[in-house]
Amino acid sequence: MRGRHLSRTASHRKALRQNIANSLLSYGRIITTLEKAKETKSFAEKIITTAKKGLMKKDTDKPGYVHCYRQVLSSLRNAEVVKKLFGEGQWRETGGIAQRYMNRNGGYTRILKLSGTRLGVLSGSSVGKIPELEYKMEGRDRKLRMLGRRLNDNASRVIFELVEGAVEAQKAEEIKPEVTTA
């Protein structure tokens with residue numbers, strides 16, 4: 001009886017979780033409902049953790065690496081997403097998603113709630129500003145202007161995204177000039 005049923009059968013919930021995780025790992029950011037994001041968050045984080053364990057075994061324990069790779073493949077059922085996760089194929093030079101999180105212990109995803117009183121105003125933002133979300137999907141730049149017609153129009157909609165890895169945070173710190181006081 002554990003977990004959210006989402007008014008679906010068990011097989012439909014499993015397929016929904018796989019599809020949302022595949023989209024999240026493909027695009028890095030998706031817009032979905034709060035309930036679906038909460039249900040998928042632990043699934044996606046466990047997959048990234050399994051991929052991290054596999055990458056640690058890549059050079060020393062080849063059968064262990066293949067085992068982790070096959071575990072993730074059986075969970076996601078999408079070979080291209082698994083290659084991106086492990087940094088195989090066309091992602092070999094840039095590194096995969098799991099490589100970004102090697103120095104991070106969990107918390108790979110986050111859920112940003114859209115305000116319930118005015119669609120698109122992120123919680124904590126001023127009501128006067130209507131934010132535009134810019135992102136890339138399928139090689140094209142896209143904009144999403146988040147504005148609703150009535151109150152509580154989008155109360156359960158959230159932005160479900162991958163958190164920037166430790167590598168990007170370190171690069172940002174290197175770029176930032178140091179302030180010295182005399």
# chains A, B, ... in the order shown; residues from 1 in each chain; ligands from 1
>>> residues_around(residues="Ala44 (chain A)", least_positions_apart="4", cutoff="9 Å", atoms="only C-alpha atoms", output="list in words")
Arg17, Gln18, Ile20, Ala21, Asn22, Leu24, Leu25, Thr40, Ile48, Thr49, Tyr108 and Thr109 of chain A
>>> write_last_selection(atoms="C-alpha atoms", output="compact mmCIF listing (two decimals), in the first residue's frame")
# COMPACT_ATOMS: atom_id res chain seq x y z
CA ARG A 17 7.70 6.36 -13.81
CA GLN A 18 10.01 5.02 -16.53
CA ILE A 20 9.19 10.54 -16.69
CA ALA A 21 12.67 9.38 -15.63
CA ASN A 22 13.69 8.95 -19.28
CA LEU A 24 14.21 13.93 -17.09
CA LEU A 25 17.52 12.29 -17.93
CA THR A 40 9.53 9.64 -9.69
CA ILE A 48 21.80 7.72 -10.88
CA THR A 49 23.31 6.11 -7.77
CA TYR A 108 20.52 14.83 -7.77
CA THR A 109 17.06 16.18 -8.59
>>> closest_atom_pairs(of="region 25-117 of chain A", to="region 7-13 of chain A", cutoff="12 Å", atoms="only C-alpha atoms", output="tab-separated table")
residue	atom	partner	partner_atom	distance
A:Glu35	CA	A:Ser7	CA	11.3
A:Lys36	CA	A:Arg13	CA	9.5
A:Glu39	CA	A:Arg13	CA	9.4
A:Thr40	CA	A:Arg13	CA	9.9
A:Phe43	CA	A:Arg13	CA	11.9
>>> write_last_selection(atoms="N, CA and C atoms", output="short mmCIF file (atom, residue, chain, number, x, y, z; two decimals), in the first residue's frame")
data_model
loop_
_atom_site.label_atom_id
_atom_site.label_comp_id
_atom_site.auth_asym_id
_atom_site.auth_seq_id
_atom_site.Cartn_x
_atom_site.Cartn_y
_atom_site.Cartn_z
N GLU A 35 2.61 15.48 -7.83
CA GLU A 35 2.49 14.09 -7.39
C GLU A 35 3.36 13.16 -8.23
N LYS A 36 3.35 13.37 -9.55
CA LYS A 36 4.18 12.53 -10.42
C LYS A 36 5.65 12.78 -10.17
N GLU A 39 6.70 11.07 -6.92
CA GLU A 39 6.74 9.62 -7.08
C GLU A 39 7.96 9.18 -7.88
N THR A 40 8.42 10.00 -8.82
CA THR A 40 9.53 9.64 -9.69
C THR A 40 10.88 10.01 -9.11
N PHE A 43 12.96 7.12 -7.66
CA PHE A 43 13.31 6.20 -8.73
C PHE A 43 14.50 6.73 -9.53
#
>>> atom_distance(atom1="CA of Trp91 (chain A)", atom2="CA of Arg104 (chain A)")
20.4 Å
>>> atom_distance(atom1="CA of Tyr69 (chain A)", atom2="CA of Tyr27 (chain A)")
20.3 Å
>>> residues_around(residues="Lys52 (chain A)", least_positions_apart="5", cutoff="8 Å", atoms="only C-alpha atoms", output="PyMOL selection string")
chain A and resi 98-99+101-102
>>> write_last_selection(atoms="N, CA and C atoms", output="mmCIF file, in the first residue's frame")
data_model
loop_
_atom_site.group_PDB
_atom_site.id
_atom_site.type_symbol
_atom_site.label_atom_id
_atom_site.label_comp_id
_atom_site.auth_asym_id
_atom_site.auth_seq_id
_atom_site.Cartn_x
_atom_site.Cartn_y
_atom_site.Cartn_z
ATOM 1 N N ALA A 98 26.073 10.588 -14.676
ATOM 2 C CA ALA A 98 26.576 10.033 -13.415
ATOM 3 C C ALA A 98 27.951 10.597 -13.071
ATOM 4 N N GLN A 99 28.751 10.897 -14.077
ATOM 5 C CA GLN A 99 30.087 11.461 -13.836
ATOM 6 C C GLN A 99 29.992 12.836 -13.177
ATOM 7 N N TYR A 101 27.928 13.752 -10.975
ATOM 8 C CA TYR A 101 27.530 13.639 -9.581
ATOM 9 C C TYR A 101 28.438 12.724 -8.764
ATOM 10 N N MET A 102 29.653 12.452 -9.234
ATOM 11 C CA MET A 102 30.543 11.539 -8.514
ATOM 12 C C MET A 102 30.900 12.048 -7.112
#
>>> select_by_dssp(residues="region 30-71 of chain A", states="strand (DSSP E)", output="list in words")
Ile30, Ile31, Thr32 and Thr33 of chain A
>>> write_last_selection(atoms="C-alpha atoms", output="compact mmCIF listing (two decimals), in the first residue's frame")
# COMPACT_ATOMS: atom_id res chain seq x y z
CA ILE A 30 10.60 18.78 -17.41
CA ILE A 31 7.28 20.25 -16.31
CA THR A 32 4.90 17.81 -14.68
CA THR A 33 2.54 17.55 -11.71
>>> atom_distance(atom1="CA of Val81 (chain A)", atom2="CA of Glu134 (chain A)")
22.4 Å
>>> residues_around(residues="His67 (chain A)", least_positions_apart="4", cutoff="8 Å", atoms="only C-alpha atoms", output="PyMOL selection string")
chain A and resi 54+63+71
>>> closest_residue(among="A:Ser23, A:Lys53, A:Ser156, A:Ile111", to="Asn78 (chain A)", atoms="only C-alpha atoms")
A:Ser23
>>> closest_residue(among="A:Arg4, A:Arg110, A:Arg142, A:Arg70", to="Glu164 (chain A)", atoms="only C-alpha atoms")
A:Arg110
>>> closest_residue(among="A:Lys58, A:Lys113, A:Lys41, A:Lys143", to="Gly87 (chain A)", atoms="only C-alpha atoms")
A:Lys58
>>> residues_around(residues="Glu88 (chain A)", least_positions_apart="4", cutoff="12 Å", atoms="only C-alpha atoms", output="PDB file with N, CA and C atoms, in the first residue's frame")
ATOM      1  N   ALA A  51      24.249   4.032 -11.420  1.00  0.00           N
ATOM      2  CA  ALA A  51      25.192   4.394 -12.482  1.00  0.00           C
ATOM      3  C   ALA A  51      26.522   4.862 -11.896  1.00  0.00           C
ATOM      4  N   LEU A  55      30.221   3.263 -12.568  1.00  0.00           N
ATOM      5  CA  LEU A  55      31.380   4.013 -13.048  1.00  0.00           C
ATOM      6  C   LEU A  55      32.597   3.814 -12.154  1.00  0.00           C
ATOM      7  N   LYS A  58      34.297   0.661 -13.301  1.00  0.00           N
ATOM      8  CA  LYS A  58      34.581   0.560 -14.729  1.00  0.00           C
ATOM      9  C   LYS A  58      35.998   0.065 -15.022  1.00  0.00           C
ATOM     10  N   TYR A  69      25.288  -1.514 -15.463  1.00  0.00           N
ATOM     11  CA  TYR A  69      24.777  -1.007 -16.732  1.00  0.00           C
ATOM     12  C   TYR A  69      23.482  -1.732 -17.100  1.00  0.00           C
ATOM     13  N   ALA A  79      18.021   2.607 -24.373  1.00  0.00           N
ATOM     14  CA  ALA A  79      19.472   2.468 -24.500  1.00  0.00           C
ATOM     15  C   ALA A  79      20.170   3.815 -24.648  1.00  0.00           C
ATOM     16  N   GLU A  80      19.556   4.763 -25.354  1.00  0.00           N
ATOM     17  CA  GLU A  80      20.193   6.071 -25.550  1.00  0.00           C
ATOM     18  C   GLU A  80      20.331   6.833 -24.237  1.00  0.00           C
ATOM     19  N   VAL A  81      19.305   6.774 -23.397  1.00  0.00           N
ATOM     20  CA  VAL A  81      19.365   7.460 -22.101  1.00  0.00           C
ATOM     21  C   VAL A  81      20.414   6.804 -21.211  1.00  0.00           C
ATOM     22  N   VAL A  82      20.516   5.482 -21.262  1.00  0.00           N
ATOM     23  CA  VAL A  82      21.509   4.779 -20.444  1.00  0.00           C
ATOM     24  C   VAL A  82      22.921   5.136 -20.910  1.00  0.00           C
ATOM     25  N   LYS A  83      23.122   5.249 -22.220  1.00  0.00           N
ATOM     26  CA  LYS A  83      24.429   5.670 -22.730  1.00  0.00           C
ATOM     27  C   LYS A  83      24.772   7.074 -22.250  1.00  0.00           C
ATOM     28  N   LYS A  84      23.789   7.964 -22.252  1.00  0.00           N
ATOM     29  CA  LYS A  84      24.021   9.328 -21.767  1.00  0.00           C
ATOM     30  C   LYS A  84      24.327   9.322 -20.278  1.00  0.00           C
ATOM     31  N   ARG A  92      30.990  10.085 -24.673  1.00  0.00           N
ATOM     32  CA  ARG A  92      32.242   9.597 -24.094  1.00  0.00           C
ATOM     33  C   ARG A  92      33.208  10.735 -23.754  1.00  0.00           C
ATOM     34  N   GLU A  93      33.340  11.724 -24.641  1.00  0.00           N
ATOM     35  CA  GLU A  93      34.288  12.821 -24.413  1.00  0.00           C
ATOM     36  C   GLU A  93      33.799  13.768 -23.327  1.00  0.00           C
ATOM     37  N   THR A  94      32.513  14.080 -23.324  1.00  0.00           N
ATOM     38  CA  THR A  94      31.983  15.051 -22.373  1.00  0.00           C
ATOM     39  C   THR A  94      31.680  14.447 -21.014  1.00  0.00           C
ATOM     40  N   GLY A  95      31.557  13.129 -20.937  1.00  0.00           N
ATOM     41  CA  GLY A  95      31.205  12.489 -19.669  1.00  0.00           C
ATOM     42  C   GLY A  95      29.695  12.397 -19.534  1.00  0.00           C
ATOM     43  N   GLY A  96      29.255  11.446 -18.759  1.00  0.00           N
ATOM     44  CA  GLY A  96      27.828  11.224 -18.608  1.00  0.00           C
ATOM     45  C   GLY A  96      27.247  11.972 -17.425  1.00  0.00           C
ATOM     46  N   ILE A  97      25.969  11.744 -17.224  1.00  0.00           N
ATOM     47  CA  ILE A  97      25.262  12.376 -16.118  1.00  0.00           C
ATOM     48  C   ILE A  97      25.815  11.884 -14.787  1.00  0.00           C
ATOM     49  N   ALA A  98      26.073  10.588 -14.676  1.00  0.00           N
ATOM     50  CA  ALA A  98      26.576  10.033 -13.415  1.00  0.00           C
ATOM     51  C   ALA A  98      27.951  10.597 -13.071  1.00  0.00           C
ATOM     52  N   GLN A  99      28.751  10.897 -14.077  1.00  0.00           N
ATOM     53  CA  GLN A  99      30.087  11.461 -13.836  1.00  0.00           C
ATOM     54  C   GLN A  99      29.992  12.836 -13.177  1.00  0.00           C
TER      55      GLN A  99
END
